[in-house]
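A quick write-up on the structure given underneath.
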Amino acid sequence: MMMGTPLAAMPPDDEFAGTRRWYRRPLWLIVLAVVVIAALIVAVAQTTGGSDDDAQPPVSTPTSTPPVSNGQDGYLPDTVDRFGQQIRVPRDPAGLALPQRPPSSPRSRDDAASGVQWQQVYDYGVAVYSTSDGPSTITATGLAQGIAHTPQGSVIAASQILSRIFYGPPQVRRAVMDEQVIGPPSAMTALAELQLPANQYPADRFIRVDPQYSDTFSRVMLASGPKASSQYPSGQYYVITTMTMVWDQGQWKWRIPDDGFSETTRNTPIESVAGWTQW
């Protein structure tokens with residue numbers, strides 16, 4: 001079978017009955033058409049410079065990514081999270097490190113850091129800062145560094161890492177994963193592809209550090225809430241995020257289990273945070 005336009009699609013002959021064929025038109029019309037076409041060819045050649053390279057379509061400029069830091073000091077008006085808790089809003093989206101000074105008195109494992117401040121990070125993240133345990137600086141790549149080798153420091157590091165992975169621009173997320181997270185490839189892929197809704201993240205103000213804390217290991221539990229629920233006798237519950245932190249190469253890092261994320265690493269509800277420390 002021959003391929004082509006079906007006969008049924010061809011226009012009927014009577015549609016062309018009053019149309020004169022081109023070779024029957026006066027000669028001056030043909031000459032005029034040739035002149036117009038030649039003029040168009042010259043105009044196009046002058047516009048493109050006659051170069052094949054210049055005739056290529058322009059290459060679009062890549063869309064810029066959100067800034068890691070704008071270097072600004074100071075704060076914008078405060079905001080609140082979904083539980084009405086105060087959140088400072090630094091002018092720099094990467095956050096504002098606070099001046100550091102030693103704690104004024106001895107502390108236990110579960111004591112809060114001194115000079116605690118919850119800041120908004122990259123529009124919707126929330127991370128904890130202190131004047132006693134860091135961070136002492138925010139790097140040009142968006143990392144929170146200068147965090148103390150203490151139980152309080154492990155809590156601050158956990159909060160900083162989460163906020164930057166969840167809400168940081170792609171280059172910040174990559175820097176955090178490369179330098180402050182240890183885990184299997186499956187977990188790294190899941191973090192790289194993570195997309196959270198554009199909602200203000202709640203401040204995890206209720207903190208507990210596992211008694212097995214050591215110089216190289218800290219199991220940190222961060223809780224936010226309370227949320228209303230009729231499933232609990234008290235009518236409310238809290239959401240707990242548990243993170244394993246390890247001291248490696250002079251800083252606290254998030255250690256994801258070798259089997260990746262599972263039921264044992266997911267957020268869990270709890271009815272009461274009695275005995276926890278509120279930062």
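Following the order of the structure tokens, first chain is A, next is B, and so on, with residues numbered from 1 inside each chain and ligands from 1 in the order they appear.
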What lies within 6 Å of region 237-251 of chain A using only C-alpha atoms, ignoring chain neighbours under 6 positions off, as a PDB file with N, CA, C and O atoms, in the first residue's frame?
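Full text of result-v7.pdb as output:
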ATOM      1  N   THR A 216      31.977  10.512  71.994  1.00  0.00           N
ATOM      2  CA  THR A 216      31.877  10.214  70.565  1.00  0.00           C
ATOM      3  C   THR A 216      30.461   9.905  70.107  1.00  0.00           C
ATOM      4  O   THR A 216      30.231   9.692  68.913  1.00  0.00           O
ATOM      5  N   PHE A 217      29.510   9.882  71.041  1.00  0.00           N
ATOM      6  CA  PHE A 217      28.156   9.418  70.695  1.00  0.00           C
ATOM      7  C   PHE A 217      27.116  10.185  71.490  1.00  0.00           C
ATOM      8  O   PHE A 217      27.284  10.427  72.688  1.00  0.00           O
ATOM      9  N   SER A 218      26.018  10.550  70.809  1.00  0.00           N
ATOM     10  CA  SER A 218      24.907  11.207  71.486  1.00  0.00           C
ATOM     11  C   SER A 218      23.611  10.863  70.760  1.00  0.00           C
ATOM     12  O   SER A 218      23.495  11.086  69.551  1.00  0.00           O
ATOM     13  N   ARG A 219      22.675  10.326  71.514  1.00  0.00           N
ATOM     14  CA  ARG A 219      21.344  10.035  70.958  1.00  0.00           C
ATOM     15  C   ARG A 219      20.420  11.159  71.419  1.00  0.00           C
ATOM     16  O   ARG A 219      20.108  11.285  72.602  1.00  0.00           O
ATOM     17  N   VAL A 220      20.006  11.975  70.474  1.00  0.00           N
ATOM     18  CA  VAL A 220      19.261  13.199  70.774  1.00  0.00           C
ATOM     19  C   VAL A 220      17.798  13.013  70.409  1.00  0.00           C
ATOM     20  O   VAL A 220      17.470  12.506  69.332  1.00  0.00           O
ATOM     21  N   MET A 221      16.913  13.426  71.311  1.00  0.00           N
ATOM     22  CA  MET A 221      15.477  13.393  71.044  1.00  0.00           C
ATOM     23  C   MET A 221      14.928  14.820  71.094  1.00  0.00           C
ATOM     24  O   MET A 221      15.117  15.525  72.084  1.00  0.00           O
ATOM     25  N   LEU A 222      14.276  15.225  69.996  1.00  0.00           N
ATOM     26  CA  LEU A 222      13.714  16.567  69.857  1.00  0.00           C
ATOM     27  C   LEU A 222      12.203  16.429  69.728  1.00  0.00           C
ATOM     28  O   LEU A 222      11.722  15.648  68.898  1.00  0.00           O
ATOM     29  N   ALA A 223      11.454  17.176  70.530  1.00  0.00           N
ATOM     30  CA  ALA A 223       9.990  17.060  70.494  1.00  0.00           C
ATOM     31  C   ALA A 223       9.350  18.416  70.253  1.00  0.00           C
ATOM     32  O   ALA A 223       9.802  19.444  70.768  1.00  0.00           O
ATOM     33  N   SER A 224       8.298  18.429  69.449  1.00  0.00           N
ATOM     34  CA  SER A 224       7.503  19.631  69.202  1.00  0.00           C
ATOM     35  C   SER A 224       6.054  19.347  69.567  1.00  0.00           C
ATOM     36  O   SER A 224       5.593  18.211  69.523  1.00  0.00           O
ATOM     37  N   GLY A 225       5.335  20.381  69.906  1.00  0.00           N
ATOM     38  CA  GLY A 225       3.936  20.224  70.266  1.00  0.00           C
ATOM     39  C   GLY A 225       3.538  21.200  71.352  1.00  0.00           C
ATOM     40  O   GLY A 225       4.275  22.146  71.664  1.00  0.00           O
ATOM     41  N   PRO A 226       2.359  20.980  71.968  1.00  0.00           N
ATOM     42  CA  PRO A 226       1.482  19.820  71.781  1.00  0.00           C
ATOM     43  C   PRO A 226       0.493  20.000  70.632  1.00  0.00           C
ATOM     44  O   PRO A 226       0.086  21.109  70.308  1.00  0.00           O
ATOM     45  N   LYS A 227       0.101  18.850  70.057  1.00  0.00           N
ATOM     46  CA  LYS A 227      -0.939  18.815  69.052  1.00  0.00           C
ATOM     47  C   LYS A 227      -2.201  18.223  69.675  1.00  0.00           C
ATOM     48  O   LYS A 227      -2.126  17.312  70.500  1.00  0.00           O
ATOM     49  N   ASN A 267       9.552   9.510  62.869  1.00  0.00           N
ATOM     50  CA  ASN A 267       9.040  10.303  63.973  1.00  0.00           C
ATOM     51  C   ASN A 267       7.968   9.525  64.730  1.00  0.00           C
ATOM     52  O   ASN A 267       7.174   8.785  64.127  1.00  0.00           O
ATOM     53  N   THR A 268       7.934   9.688  66.036  1.00  0.00           N
ATOM     54  CA  THR A 268       6.990   8.954  66.860  1.00  0.00           C
ATOM     55  C   THR A 268       6.216   9.914  67.765  1.00  0.00           C
ATOM     56  O   THR A 268       6.743  10.941  68.186  1.00  0.00           O
ATOM     57  N   PRO A 269       4.954   9.576  68.097  1.00  0.00           N
ATOM     58  CA  PRO A 269       4.162  10.421  68.996  1.00  0.00           C
ATOM     59  C   PRO A 269       4.367  10.011  70.456  1.00  0.00           C
ATOM     60  O   PRO A 269       4.668   8.842  70.750  1.00  0.00           O
ATOM     61  N   ILE A 270       4.207  10.962  71.351  1.00  0.00           N
ATOM     62  CA  ILE A 270       4.269  10.700  72.785  1.00  0.00           C
ATOM     63  C   ILE A 270       3.273  11.645  73.456  1.00  0.00           C
ATOM     64  O   ILE A 270       3.114  12.793  73.043  1.00  0.00           O
ATOM     65  N   GLU A 271       2.590  11.135  74.484  1.00  0.00           N
ATOM     66  CA  GLU A 271       1.542  11.939  75.098  1.00  0.00           C
ATOM     67  C   GLU A 271       2.082  13.042  75.999  1.00  0.00           C
ATOM     68  O   GLU A 271       1.494  14.124  76.092  1.00  0.00           O
TER      69      GLU A 271
END
Excluding same-chain residues fewer than 4 positions from Trp252 (chain A), what lies within 12 Å of it counting only C-alpha atoms, as a PyMOL selection string? chain A and resi 133-135+144-161+176+179-182+215-220+243-248
Select, from A:Pro185, A:Pro202, A:Ser163, A:Trp279, the residue with the minimum atom-to-atom distance to Gly115 (chain A), counting only C-alpha atoms. A:Trp279
Mind listing the strand (DSSP E) residues of region 131-269 of chain A, per DSSP on the backbone, as an NGL selection string? :A and (137-138 or 144-145 or 181-182 or 206-209 or 217-228 or 236-248 or 251-255 or 268-269)
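Atom pair CA of Val68 (chain A) / CA of Met177 (chain A): separated by 15.2 Å.
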Using only C-alpha atoms, find the one residue out of A:Tyr129, A:Phe166, A:Asp204, A:Ile138 that sits nearest to Thr277 (chain A). A:Asp204
